[in-house]
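What follows is one structure encoded as structure tokens, with my remarks underneath.
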Amino acid sequence: MQLSPQMFEPLQHDGTAAEELGRPALGYWQDVWHRLKQNKLAMAGLITIFLLAVMATIGPYLSGYSYDAQDLTRVNQAPNAAHWFGTDSLGRDLFTRVWYGARISLGIGIMTSVICLVVGVIYGGISGYLGGRVDEVMMRIVEILYSIPFLLYVILLMVYMGPGLGSIFTALGLVYWLNLARIVRGQVLVLKEQEYVLAARLLGASTMRILLRHLIPNTMGPIIVTMTLLIPEAIFTEAFLSFLGLGVSAPAASWGVLASDGLQGLRSYPWQLLFPAVFISITMLAFNFVGDGLRDALDPRMRK
Amino acid sequence: MIRYLLRRLFTMTVALWLIITITFAIAHSIPGGPFASEKKLPEAVKKNLEERYHLNDPLWKQYTDYLKNILHGDLGPSFKYEHQTVNSIIKSNFPVSATLGSLSICFSLVVGMLAGVISALRQNRWQDYLAMVLATLSFSVPSFILSGLLMYVFAYQLGWLPPAMWGTWQQAILPTLALSALPTAFIARLMRSSMLEVLQQDYLKTAKAKGLSEYAVIIRHAIRNAILPVVTYIGPLIATVLTGSFVVESIFAVPGLGRWFVQSVSNRDYTVILGVTVFYSAFLMLMNFLVDIAYSWIDPRIKLTDSKEV
Amino acid sequence: MSRKKKASLLLTALLSVFLVAGCGGGDKQSGEKSNAKEQIIRYNVCAEPETLDPAKATGLPEGTILAQMFDGLTRYNNKQEITPALAESWTISDDGLNYTFKLRDAKWNNGDPVTANDFVYSWLRALDPNTASEYAYQLFYIKGAEEFNSGKGSKEQVAVKAVDEKTLQVTLAAPAPQFLGLTAFQTLYPINPKVDQASPKWTTEVDKYVSNGPFKIVSWEHNQKIVMEKNPTYWDTNSVKLDKLEIYLIENTDTGFTMFQSGQIDIQDQVPVQEMASLKDSKDLKISPDVSVYFYRFNVTKKPMDNPKVRKALTLAIDRQSIVENVTKQGQKPAFAFVPFGFTDADGKDFRQNGGDFFKEDVTEAKKLLAEAGYPEGKGFPKLTLTYNNDQTHQKVAEAIQAMWKKNLGIDITLENVEWQIKLNKEDTLDFELVRAGWSPDYLDPMSFVDMFVTNGGNNDTGWGNKEYDALVKQANATGDPKVRMEAMHKAEKILMEELPVMPIFFYTNPNLIKPNLKDVIVPSFGLYADFKTAYVE
């Protein structure tokens, strides 16, 4: 007897019902939050991020100086009672500028990561899961985008879009999801051959559902590591873009710009590098702690 | 498998052609040119220059000529550096970048994997915290700041190492460190996270239960299964690092290929822009191809081909 | 410096364990000082030369490197005077058109004699359309030269002639007092015809390179360094005191600065701006004069800059002294005129000193002018954009001026930071409102500044034009009388500074990092970074 596809009838109910074996889906995020709360480092990270956000909001008003108020008679001053973080080469208050810069940098860092997360994960997931020709074409597209010189993109954007946040996100969004997409795709290539995926497929779960519910949670580790790297990369690329004229225009300055300005005066005025760099590092540590905590909390195998 | 290889070769060629076309189009559509200068050139002089470099040909002709030449392996002359051709630029600068890049890759792989594995095995103990805090710090210090700091501390303050230039092994140390910091940190974190995942898998518990020594379990099973994200990452990394970093090479005055990627764009040195881009992308695609091959070698379950082609 | 540095120190120390274990060998290299008796100078020219072909070289780094290897008909001395070099003497006809140079006995470093024909060959080569030299136009003063270069005339019609082995005769198309100075310039160097014919690529290969100047090239490692040795066949070799000259090609000036500080180079002509403060009282810093001007262009075809009162108000409402003292910090002079200091007037005095200042900063006056133009207290003034090319100094100057205009006039401007070539393109197409610019002369004469602003001039880039101005420039260019010429240029500058299509900000200086034991390095105010012909180490 010959077996043909016509002889089979797919299960008529959708995959959700079939998987209604475990606990209710509602409980998942509560569970994650519960486990995250128990992770002290992750909570410390969350609190730090919250504090940074608060300071970014109110910090620029605390010292009484505006971020662009110059005083050419008080340039390059070391931290003192009047200027808590000292002044820059145009006599502007670094405390105000650092917190003003936090708005730009935190915003850009987080926004870019989110954009790249969504695009990269979906793109990489589809490419890896479908495999074969689709994967082949999708990966070549990644390579094309990866290969065209970044500086060319940037100049093109500058000419046709002009400076501004839109251009920054376009420039960053064009290239920064590529690594993530490749990594997710690599993981999915492995995971899709595992038994539980086969099981889910047999139970009639849709491709999207398998991807989002089964494959991606299992690649959370590499995704979160890549994401946390994306934040500083975005912050510093923004500095580079600002230097080229695509970023926020002077006198507003982001952390990246403040740090690269500060680097130039390293020998004479180290605090000009120190303050932005320390806050970038603190931000990074905080995000990493949260990321690690999140990874553990999201890990399906850690559920008790 | 042969079919797969042929198909891959085909799509890679198409991608390469698209890269050339897009890069050519962007490079010629942005304002400026190789002979733009603050002092305007007289018309006659400009005409002579354009004639010499065929810049007065219609764009489509410049494009098809370029494609023809590239098929013969000729990437053209540099418009800006009179004594150089793109071929000679790659020939003399790539080995330097490749040397520096190989050192960095080796360093990143050895140190990064070691740190990642150790911190996964010692999760939430001081070794783990130390390694991860260090890794995070090197994320948050970009290469231009790190390079500056390294030079300032080791060359200027301590005077242990030469600050810059290329030729002796001492001169290779600081740029190697500057170039490795980020990949090392990234590999360490990737390795740690996937090790943690693998360590919880049932088959490792089984292996342990079978009585295999912890060492054997880790080497034979855990690392092999955890290495996949690292392999994915180092494919493009090798292509990128071996073709040179503009920042590190510029700060340490290393005569590598990295500067040409940036300088050619500022100079609108069209042939050099295209030449280094083609070189890089071919390299990148080759590396990604090797990575895909490595996947199936690491984990034989992985299939790259459509199931019907198997 | 505290946590940050320690953290990275710790990190690098940890990472170093693998590679650096016991690399004590490195410390000698950086600590080593040059032996006082050894006559060698290590100089960072801060760029890889684009070419070493005298006919094609355009940039300052190339010109500087070539100047160490070549002599032209003339050479500038340390007082910025033209002195005889390969030409022993010369005569200029009364109408300023005919130049006759008498050559001295000199040799190429392969032993061939330098003849008048070498000059003819070299100049015609530079003019040949097939050579496609960017600086061919430096020779356009010669009768028939432009025609030959543009394909309208023939080689034979170019009025440069070797009368005999030692006599060179040149006829100009119009009087051009700057021509004599140009003969010290790279495009007008002679080359050895035999070498050029035998191996046309001689300029790219060190072992085939033949020159006639104080030094000869020994090696060229791209992007690293060029090594030169004293040239024993140079006619004036007795004045050359150095045995060896190493020219470093390191582009990153901060890196160069660190190498200078750790004793690996002796002189660098670029000083990182941020280090100026710490170098202020150091013996390593030498600030030399420069004949360039830093200014902003107004686009006079756009409102409200079409109104001279607005331009004047903006020009008067900034504090130039504060900018040069607190922002640029290189001892620049505030500019209240367009032509810099350093040009000789007809009476032998300085052109700028004779001309004086054309305006005075005055906030009250500026406010009044702005009100007259219809913007009292800056009300209703459109938000202008100031464009500059990516550079930290330009940015800081722009930020300072932005703040000054806001404070003094109550107007807001936007800063726009663009890539160099995009800036050039914007200037070219008048696609800007205000744009930062700088200008250094092609030759040591005010004409190089004044002729920029003739109506529709190639380098005008403001949309401004004035018939009277054009007439004055024309008059200056046609006359052979230096007094009439200079007078016309003074008058032209006065018109320019009344109309103010450009806003001068400061006159540049030329700061150099130079070890105090280097003597007699010539640092010219234009054209070259440095000349080591007579330099020595003490």
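Convention: chains lettered A, B, ... in structure tokens order; per-chain residue numbering from 1; ligands numbered from 1 as shown.
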
Interface residues on chain B facing chain C, 6 Å, only C-alpha atoms, written as an mmCIF file with N, CA and C atoms, in the first residue's frame:
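Saved result, result.cif, follows:
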data_model
loop_
_atom_site.group_PDB
_atom_site.id
_atom_site.type_symbol
_atom_site.label_atom_id
_atom_site.label_comp_id
_atom_site.auth_asym_id
_atom_site.auth_seq_id
_atom_site.Cartn_x
_atom_site.Cartn_y
_atom_site.Cartn_z
ATOM 1 N N PRO B 31 27.965 63.095 -2.602
ATOM 2 C CA PRO B 31 28.682 64.238 -3.172
ATOM 3 C C PRO B 31 30.192 64.085 -3.024
ATOM 4 N N GLY B 32 30.904 64.760 -3.896
ATOM 5 C CA GLY B 32 32.359 64.762 -3.808
ATOM 6 C C GLY B 32 32.969 63.898 -4.884
ATOM 7 N N LYS B 40 39.534 75.233 -5.955
ATOM 8 C CA LYS B 40 38.934 74.667 -7.153
ATOM 9 C C LYS B 40 39.972 74.515 -8.254
ATOM 10 N N ALA B 44 40.426 72.799 -17.297
ATOM 11 C CA ALA B 44 41.324 71.975 -18.114
ATOM 12 C C ALA B 44 41.972 70.892 -17.267
ATOM 13 N N ASN B 48 41.613 66.822 -17.620
ATOM 14 C CA ASN B 48 42.729 65.900 -17.818
ATOM 15 C C ASN B 48 42.701 64.764 -16.806
ATOM 16 N N LEU B 49 42.409 65.122 -15.548
ATOM 17 C CA LEU B 49 42.378 64.108 -14.500
ATOM 18 C C LEU B 49 41.260 63.107 -14.764
ATOM 19 N N TYR B 81 46.324 57.681 -4.307
ATOM 20 C CA TYR B 81 47.720 57.336 -4.054
ATOM 21 C C TYR B 81 48.336 56.864 -5.349
ATOM 22 N N GLU B 82 49.093 57.755 -5.930
ATOM 23 C CA GLU B 82 49.557 57.596 -7.287
ATOM 24 C C GLU B 82 50.396 56.337 -7.474
ATOM 25 N N HIS B 83 51.138 55.972 -6.422
ATOM 26 C CA HIS B 83 52.065 54.857 -6.564
ATOM 27 C C HIS B 83 51.433 53.519 -6.235
ATOM 28 N N GLY B 159 56.546 53.004 30.271
ATOM 29 C CA GLY B 159 57.643 52.888 29.320
ATOM 30 C C GLY B 159 58.078 51.470 29.049
ATOM 31 N N TRP B 160 57.186 50.500 29.258
ATOM 32 C CA TRP B 160 57.564 49.103 29.041
ATOM 33 C C TRP B 160 57.570 48.723 27.574
ATOM 34 N N LEU B 161 56.680 49.341 26.833
ATOM 35 C CA LEU B 161 56.491 48.908 25.448
ATOM 36 C C LEU B 161 56.566 50.118 24.523
ATOM 37 N N PRO B 162 56.947 49.888 23.280
ATOM 38 C CA PRO B 162 56.945 51.008 22.325
ATOM 39 C C PRO B 162 55.506 51.465 22.085
ATOM 40 N N ILE B 251 45.604 54.255 15.715
ATOM 41 C CA ILE B 251 46.211 54.707 16.970
ATOM 42 C C ILE B 251 47.607 54.124 17.145
ATOM 43 N N ALA B 253 49.575 53.126 14.756
ATOM 44 C CA ALA B 253 50.354 53.316 13.532
ATOM 45 C C ALA B 253 50.769 51.988 12.911
ATOM 46 N N PRO B 255 50.599 49.610 9.758
ATOM 47 C CA PRO B 255 50.289 49.811 8.335
ATOM 48 C C PRO B 255 49.417 48.698 7.780
#

Please find the residues of chain A near chain B - the criterion being any atom within 6 Å, counting only C-alpha atoms - and write them as a CSV table (one decimal) with all heavy atoms, in the first residue's frame.
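Written file, selection-v3.csv:
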chain,number,residue,atom,x,y,z
A,132,GLY,N,17.3,25.5,4.3
A,132,GLY,CA,17.3,25.3,2.8
A,132,GLY,C,17.5,26.6,2.0
A,132,GLY,O,18.3,27.5,2.4
A,144,ILE,N,25.3,40.7,2.6
A,144,ILE,CA,25.4,42.0,1.8
A,144,ILE,C,25.4,43.2,2.7
A,144,ILE,O,26.2,44.1,2.6
A,144,ILE,CB,24.3,42.0,0.7
A,144,ILE,CG1,24.5,40.9,-0.3
A,144,ILE,CG2,24.2,43.4,0.1
A,144,ILE,CD1,23.3,40.7,-1.3
A,147,SER,N,28.5,43.7,4.5
A,147,SER,CA,29.7,44.0,3.7
A,147,SER,C,29.8,45.5,3.2
A,147,SER,O,30.9,46.0,3.1
A,147,SER,CB,29.8,43.2,2.4
A,147,SER,OG,29.9,41.8,2.8
A,183,ILE,N,23.3,34.6,14.9
A,183,ILE,CA,23.5,33.8,16.1
A,183,ILE,C,22.2,33.0,16.4
A,183,ILE,O,22.2,31.8,16.6
A,183,ILE,CB,23.9,34.6,17.3
A,183,ILE,CG1,25.4,34.9,17.2
A,183,ILE,CG2,23.7,33.9,18.7
A,183,ILE,CD1,26.0,35.7,18.3
A,190,VAL,N,20.2,24.1,15.2
A,190,VAL,CA,20.4,22.9,16.1
A,190,VAL,C,19.1,22.5,16.8
A,190,VAL,O,18.7,21.3,16.8
A,190,VAL,CB,21.4,23.3,17.2
A,190,VAL,CG1,21.8,22.1,18.0
A,190,VAL,CG2,22.6,24.0,16.7
A,221,GLY,N,20.0,32.6,26.1
A,221,GLY,CA,21.3,32.9,26.6
A,221,GLY,C,22.1,33.7,25.5
A,221,GLY,O,22.4,34.9,25.8
A,222,PRO,N,22.4,33.2,24.4
A,222,PRO,CA,23.2,34.0,23.4
A,222,PRO,C,22.5,35.3,23.0
A,222,PRO,O,23.1,36.3,22.8
A,222,PRO,CB,23.2,33.1,22.2
A,222,PRO,CG,23.0,31.7,22.7
A,222,PRO,CD,22.2,31.8,23.9
A,232,PRO,N,26.3,49.1,24.6
A,232,PRO,CA,27.4,50.0,24.5
A,232,PRO,C,27.9,50.2,23.1
A,232,PRO,O,28.3,51.3,22.8
A,232,PRO,CB,28.5,49.2,25.3
A,232,PRO,CG,28.1,47.8,25.3
A,232,PRO,CD,26.6,47.9,25.3
A,281,SER,N,30.0,52.4,32.2
A,281,SER,CA,30.4,51.1,32.7
A,281,SER,C,29.3,50.7,33.7
A,281,SER,O,28.9,49.5,33.7
A,281,SER,CB,31.7,51.2,33.5
A,281,SER,OG,32.7,51.6,32.6

I'd like a table as JSON lines: residues in chain C with an atom no more than 8 Å from chain A, each row giving the shortest atom pair and its distance in Å to one decimal, only C-alpha atoms counted, sorted by chain and rising residue number.
{"residue": "C:Met1", "atom": "CA", "partner": "A:Pro270", "partner_atom": "CA", "distance": 6.2}
{"residue": "C:Lys4", "atom": "CA", "partner": "A:Val278", "partner_atom": "CA", "distance": 6.4}
{"residue": "C:Pro272", "atom": "CA", "partner": "A:Gln264", "partner_atom": "CA", "distance": 7.9}
{"residue": "C:Gln274", "atom": "CA", "partner": "A:Gly265", "partner_atom": "CA", "distance": 5.2}
{"residue": "C:Glu275", "atom": "CA", "partner": "A:Gly265", "partner_atom": "CA", "distance": 6.7}
{"residue": "C:Ser278", "atom": "CA", "partner": "A:Ser268", "partner_atom": "CA", "distance": 6.6}
{"residue": "C:Ser322", "atom": "CA", "partner": "A:Leu72", "partner_atom": "CA", "distance": 7.4}
{"residue": "C:Asn326", "atom": "CA", "partner": "A:Leu72", "partner_atom": "CA", "distance": 6.1}
{"residue": "C:Val327", "atom": "CA", "partner": "A:Leu90", "partner_atom": "CA", "distance": 6.8}
{"residue": "C:Asn390", "atom": "CA", "partner": "A:Leu244", "partner_atom": "CA", "distance": 6.0}
{"residue": "C:Asp391", "atom": "CA", "partner": "A:Phe243", "partner_atom": "CA", "distance": 7.7}
{"residue": "C:Gln395", "atom": "CA", "partner": "A:Ala250", "partner_atom": "CA", "distance": 7.7}
{"residue": "C:Lys396", "atom": "CA", "partner": "A:Leu90", "partner_atom": "CA", "distance": 7.4}
{"residue": "C:Glu399", "atom": "CA", "partner": "A:Pro251", "partner_atom": "CA", "distance": 6.4}
{"residue": "C:Ala400", "atom": "CA", "partner": "A:Leu90", "partner_atom": "CA", "distance": 7.4}
{"residue": "C:Ala403", "atom": "CA", "partner": "A:Gln70", "partner_atom": "CA", "distance": 7.2}
{"residue": "C:Thr414", "atom": "CA", "partner": "A:Ser249", "partner_atom": "CA", "distance": 7.8}
{"residue": "C:Leu415", "atom": "CA", "partner": "A:Ser249", "partner_atom": "CA", "distance": 6.2}
{"residue": "C:Glu416", "atom": "CA", "partner": "A:Ser249", "partner_atom": "CA", "distance": 6.6}
{"residue": "C:Asn417", "atom": "CA", "partner": "A:Gly245", "partner_atom": "CA", "distance": 4.4}
{"residue": "C:Val418", "atom": "CA", "partner": "A:Gly245", "partner_atom": "CA", "distance": 5.0}
{"residue": "C:Glu419", "atom": "CA", "partner": "A:Leu244", "partner_atom": "CA", "distance": 6.0}

All residues 7 Å or closer to B:Thr271, only C-alpha atoms, same chain fewer than 2 positions away omitted, as a list in words: Leu75, Gly76, Pro77, Ser78, Asp269, Ile273, Leu274 and Gly275 of chain B

For the residues selected in the previous step, produce a file with N, CA and C atoms as a PDB file, in the first residue's frame.
ATOM      1  N   LEU B  75      41.821  45.061  -9.763  1.00  0.00           N
ATOM      2  CA  LEU B  75      40.915  45.904  -8.988  1.00  0.00           C
ATOM      3  C   LEU B  75      41.106  47.390  -9.286  1.00  0.00           C
ATOM      4  N   GLY B  76      42.008  47.699 -10.204  1.00  0.00           N
ATOM      5  CA  GLY B  76      42.154  49.086 -10.636  1.00  0.00           C
ATOM      6  C   GLY B  76      43.189  49.869  -9.859  1.00  0.00           C
ATOM      7  N   PRO B  77      43.470  51.111 -10.314  1.00  0.00           N
ATOM      8  CA  PRO B  77      44.451  51.953  -9.636  1.00  0.00           C
ATOM      9  C   PRO B  77      43.784  52.719  -8.496  1.00  0.00           C
ATOM     10  N   SER B  78      44.605  53.219  -7.577  1.00  0.00           N
ATOM     11  CA  SER B  78      44.064  54.149  -6.596  1.00  0.00           C
ATOM     12  C   SER B  78      44.079  55.533  -7.235  1.00  0.00           C
ATOM     13  N   ASP B 269      37.864  57.576  -3.126  1.00  0.00           N
ATOM     14  CA  ASP B 269      38.785  56.835  -3.978  1.00  0.00           C
ATOM     15  C   ASP B 269      38.043  55.577  -4.428  1.00  0.00           C
ATOM     16  N   ILE B 273      37.568  51.897  -2.517  1.00  0.00           N
ATOM     17  CA  ILE B 273      36.351  51.566  -1.751  1.00  0.00           C
ATOM     18  C   ILE B 273      35.833  50.200  -2.207  1.00  0.00           C
ATOM     19  N   LEU B 274      35.673  50.070  -3.526  1.00  0.00           N
ATOM     20  CA  LEU B 274      35.132  48.834  -4.065  1.00  0.00           C
ATOM     21  C   LEU B 274      36.065  47.664  -3.812  1.00  0.00           C
ATOM     22  N   GLY B 275      37.349  47.896  -4.047  1.00  0.00           N
ATOM     23  CA  GLY B 275      38.318  46.807  -3.924  1.00  0.00           C
ATOM     24  C   GLY B 275      38.348  46.217  -2.534  1.00  0.00           C
TER      25      GLY B 275
END

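Take the candidates C:Pro61, C:Gly263, C:Pro446, C:Gly356 and check each one against C:Ile247 using only C-alpha atoms; the shortest distance goes to C:Pro61.
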
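Atom CA of C:Ser282 sits 27.6 Å away from atom CA of C:Asp319.
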
Point-to-point distance from atom CA of C:Ile522 to atom CA of C:Lys79, Å rounded to tenths: 8.7 Å

Spatial neighbours of stretch 108-119 of chain A, 7 Å, only C-alpha atoms, chain gap at least 3 places, as number ranges by chain: A: 104-105, 122-123, 169, 172-173, 176-177, 227, 230-232, 234-235

Mind writing the picked residues with N, CA, C and O atoms as a tab-separated table (two decimals), in the first residue's frame?
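Contents of the output file selection.tsv:
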chain	number	residue	atom	x	y	z
A	104	ILE	N	20.13	60.92	26.06
A	104	ILE	CA	20.39	60.53	24.68
A	104	ILE	C	20.93	59.10	24.62
A	104	ILE	O	20.43	58.25	23.89
A	105	SER	N	21.96	58.85	25.44
A	105	SER	CA	22.64	57.56	25.31
A	105	SER	C	21.78	56.40	25.77
A	105	SER	O	21.72	55.37	25.11
A	122	ILE	N	13.51	37.60	14.91
A	122	ILE	CA	12.53	37.07	13.96
A	122	ILE	C	13.21	36.63	12.67
A	122	ILE	O	13.00	35.52	12.16
A	123	TYR	N	14.11	37.49	12.17
A	123	TYR	CA	14.79	37.18	10.91
A	123	TYR	C	15.62	35.90	11.05
A	123	TYR	O	15.51	34.98	10.24
A	169	PHE	N	18.78	55.98	14.24
A	169	PHE	CA	18.17	54.65	14.37
A	169	PHE	C	18.24	53.90	13.05
A	169	PHE	O	18.44	52.69	13.03
A	172	LEU	N	21.92	52.67	12.81
A	172	LEU	CA	22.20	51.59	13.74
A	172	LEU	C	21.34	50.37	13.42
A	172	LEU	O	21.82	49.24	13.45
A	173	GLY	N	20.09	50.64	13.10
A	173	GLY	CA	19.16	49.54	12.84
A	173	GLY	C	19.53	48.75	11.60
A	173	GLY	O	19.22	47.57	11.49
A	176	TYR	N	23.02	46.60	13.09
A	176	TYR	CA	23.30	45.95	14.37
A	176	TYR	C	22.51	44.69	14.65
A	176	TYR	O	22.80	43.96	15.57
A	177	TRP	N	21.47	44.43	13.84
A	177	TRP	CA	20.73	43.20	14.09
A	177	TRP	C	21.38	42.01	13.39
A	177	TRP	O	21.02	40.86	13.62
A	227	MET	N	22.55	41.10	23.08
A	227	MET	CA	21.82	42.33	23.37
A	227	MET	C	22.59	43.26	24.30
A	227	MET	O	22.65	44.47	24.08
A	230	LEU	N	25.08	45.02	22.58
A	230	LEU	CA	24.55	46.02	21.65
A	230	LEU	C	24.42	47.39	22.28
A	230	LEU	O	24.62	48.40	21.61
A	231	ILE	N	24.09	47.43	23.55
A	231	ILE	CA	23.86	48.73	24.18
A	231	ILE	C	25.12	49.61	24.13
A	231	ILE	O	25.07	50.71	23.60
A	232	PRO	N	26.26	49.11	24.63
A	232	PRO	CA	27.44	49.99	24.52
A	232	PRO	C	27.85	50.24	23.08
A	232	PRO	O	28.30	51.34	22.75
A	234	ALA	N	25.94	50.60	20.57
A	234	ALA	CA	25.08	51.66	20.06
A	234	ALA	C	25.50	53.00	20.65
A	234	ALA	O	25.56	54.01	19.94
A	235	ILE	N	25.83	53.00	21.94
A	235	ILE	CA	26.22	54.26	22.58
A	235	ILE	C	27.46	54.84	21.92
A	235	ILE	O	27.55	56.04	21.63

Polymer residues at most 12 Å from C:Asp243, only C-alpha atoms, same-chain spacing of 5 or more positions, as a VMD selection string: chain C and resid 37 to 42 214 to 216 227 to 232 237 to 238 532 to 537

Selected residues written out with N, CA, C and O atoms, as a compact mmCIF listing (two decimals), in the first residue's frame:
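Okay, out-v5.txt is ready:
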# COMPACT_ATOMS: atom_id res chain seq x y z
N LYS C 37 75.73 63.66 19.61
CA LYS C 37 76.64 63.94 18.49
C LYS C 37 76.08 63.40 17.17
O LYS C 37 76.47 63.84 16.11
N GLU C 38 75.21 62.43 17.29
CA GLU C 38 74.68 61.81 16.08
C GLU C 38 73.79 62.82 15.36
O GLU C 38 72.82 63.31 15.93
N GLN C 39 74.09 63.10 14.12
CA GLN C 39 73.31 64.12 13.41
C GLN C 39 72.14 63.47 12.69
O GLN C 39 72.18 63.21 11.49
N ILE C 40 71.10 63.19 13.47
CA ILE C 40 69.91 62.58 12.88
C ILE C 40 68.68 63.22 13.49
O ILE C 40 68.63 63.47 14.69
N ILE C 41 67.71 63.54 12.65
CA ILE C 41 66.46 64.10 13.14
C ILE C 41 65.33 63.18 12.73
O ILE C 41 65.29 62.69 11.60
N ARG C 42 64.44 62.92 13.69
CA ARG C 42 63.27 62.10 13.39
C ARG C 42 62.04 63.00 13.43
O ARG C 42 61.73 63.60 14.46
N PRO C 214 69.19 68.56 -0.86
CA PRO C 214 70.05 68.32 0.30
C PRO C 214 70.11 66.85 0.72
O PRO C 214 71.13 66.39 1.21
N PHE C 215 68.99 66.12 0.55
CA PHE C 215 68.97 64.73 0.99
C PHE C 215 68.54 63.82 -0.15
O PHE C 215 67.92 64.26 -1.12
N LYS C 216 68.89 62.53 0.00
CA LYS C 216 68.39 61.55 -0.97
C LYS C 216 67.67 60.44 -0.23
O LYS C 216 68.00 60.11 0.91
N VAL C 227 63.24 57.12 5.03
CA VAL C 227 64.56 57.45 5.55
C VAL C 227 65.37 58.14 4.46
O VAL C 227 65.37 57.72 3.31
N MET C 228 66.02 59.24 4.85
CA MET C 228 66.85 59.97 3.90
C MET C 228 68.25 60.14 4.46
O MET C 228 68.43 60.19 5.67
N GLU C 229 69.20 60.24 3.54
CA GLU C 229 70.57 60.52 3.96
C GLU C 229 71.04 61.78 3.26
O GLU C 229 70.51 62.16 2.23
N LYS C 230 72.07 62.35 3.83
CA LYS C 230 72.67 63.51 3.21
C LYS C 230 73.09 63.17 1.78
O LYS C 230 73.62 62.09 1.53
N ASN C 231 72.84 64.10 0.86
CA ASN C 231 73.19 63.85 -0.53
C ASN C 231 74.56 64.46 -0.83
O ASN C 231 74.69 65.68 -0.91
N PRO C 232 75.60 63.65 -1.02
CA PRO C 232 76.95 64.20 -1.19
C PRO C 232 77.13 64.96 -2.50
O PRO C 232 78.04 65.79 -2.61
N THR C 237 76.22 71.03 -0.42
CA THR C 237 76.22 69.97 0.59
C THR C 237 76.96 70.38 1.86
O THR C 237 76.73 69.83 2.93
N ASN C 238 77.83 71.40 1.74
CA ASN C 238 78.56 71.85 2.94
C ASN C 238 77.64 72.51 3.97
O ASN C 238 77.98 72.54 5.15
N PHE C 532 64.75 71.07 6.43
CA PHE C 532 65.84 70.60 7.27
C PHE C 532 67.20 70.81 6.62
O PHE C 532 68.18 70.24 7.06
N LYS C 533 67.24 71.62 5.57
CA LYS C 533 68.49 71.76 4.83
C LYS C 533 69.66 72.11 5.75
O LYS C 533 70.71 71.50 5.68
N THR C 534 69.46 73.08 6.62
CA THR C 534 70.58 73.52 7.46
C THR C 534 70.44 73.05 8.90
O THR C 534 71.22 73.45 9.75
N ALA C 535 69.45 72.22 9.18
CA ALA C 535 69.18 71.86 10.57
C ALA C 535 70.28 70.98 11.16
O ALA C 535 70.98 70.28 10.43
N TYR C 536 70.42 71.04 12.48
CA TYR C 536 71.36 70.14 13.15
C TYR C 536 70.91 69.88 14.58
O TYR C 536 70.05 70.57 15.11
N VAL C 537 71.55 68.88 15.18
CA VAL C 537 71.23 68.51 16.56
C VAL C 537 72.34 69.01 17.45
O VAL C 537 73.51 68.81 17.14

Of the listed residues A:Ser260, A:Thr87, A:Ser63, A:Thr207, that which approaches A:Gly128 most closely, counting only C-alpha atoms: A:Thr207

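Considering only C-alpha atoms, the residue among B:Leu212, B:Val153, B:Val248, B:Leu121 positioned nearest to B:Leu177 is B:Val248.
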
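Rounded to one decimal, atom CA of B:Ser213 and atom CA of B:Ala226 lie 18.3 Å from each other.
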
DSSP-assigned alpha helix (DSSP H) among stretch 170-297 of chain B, expressed as a PyMOL selection string: chain B and resi 170-199+202-209+214-216+224-226+228-242+246-251+258-267+270-297
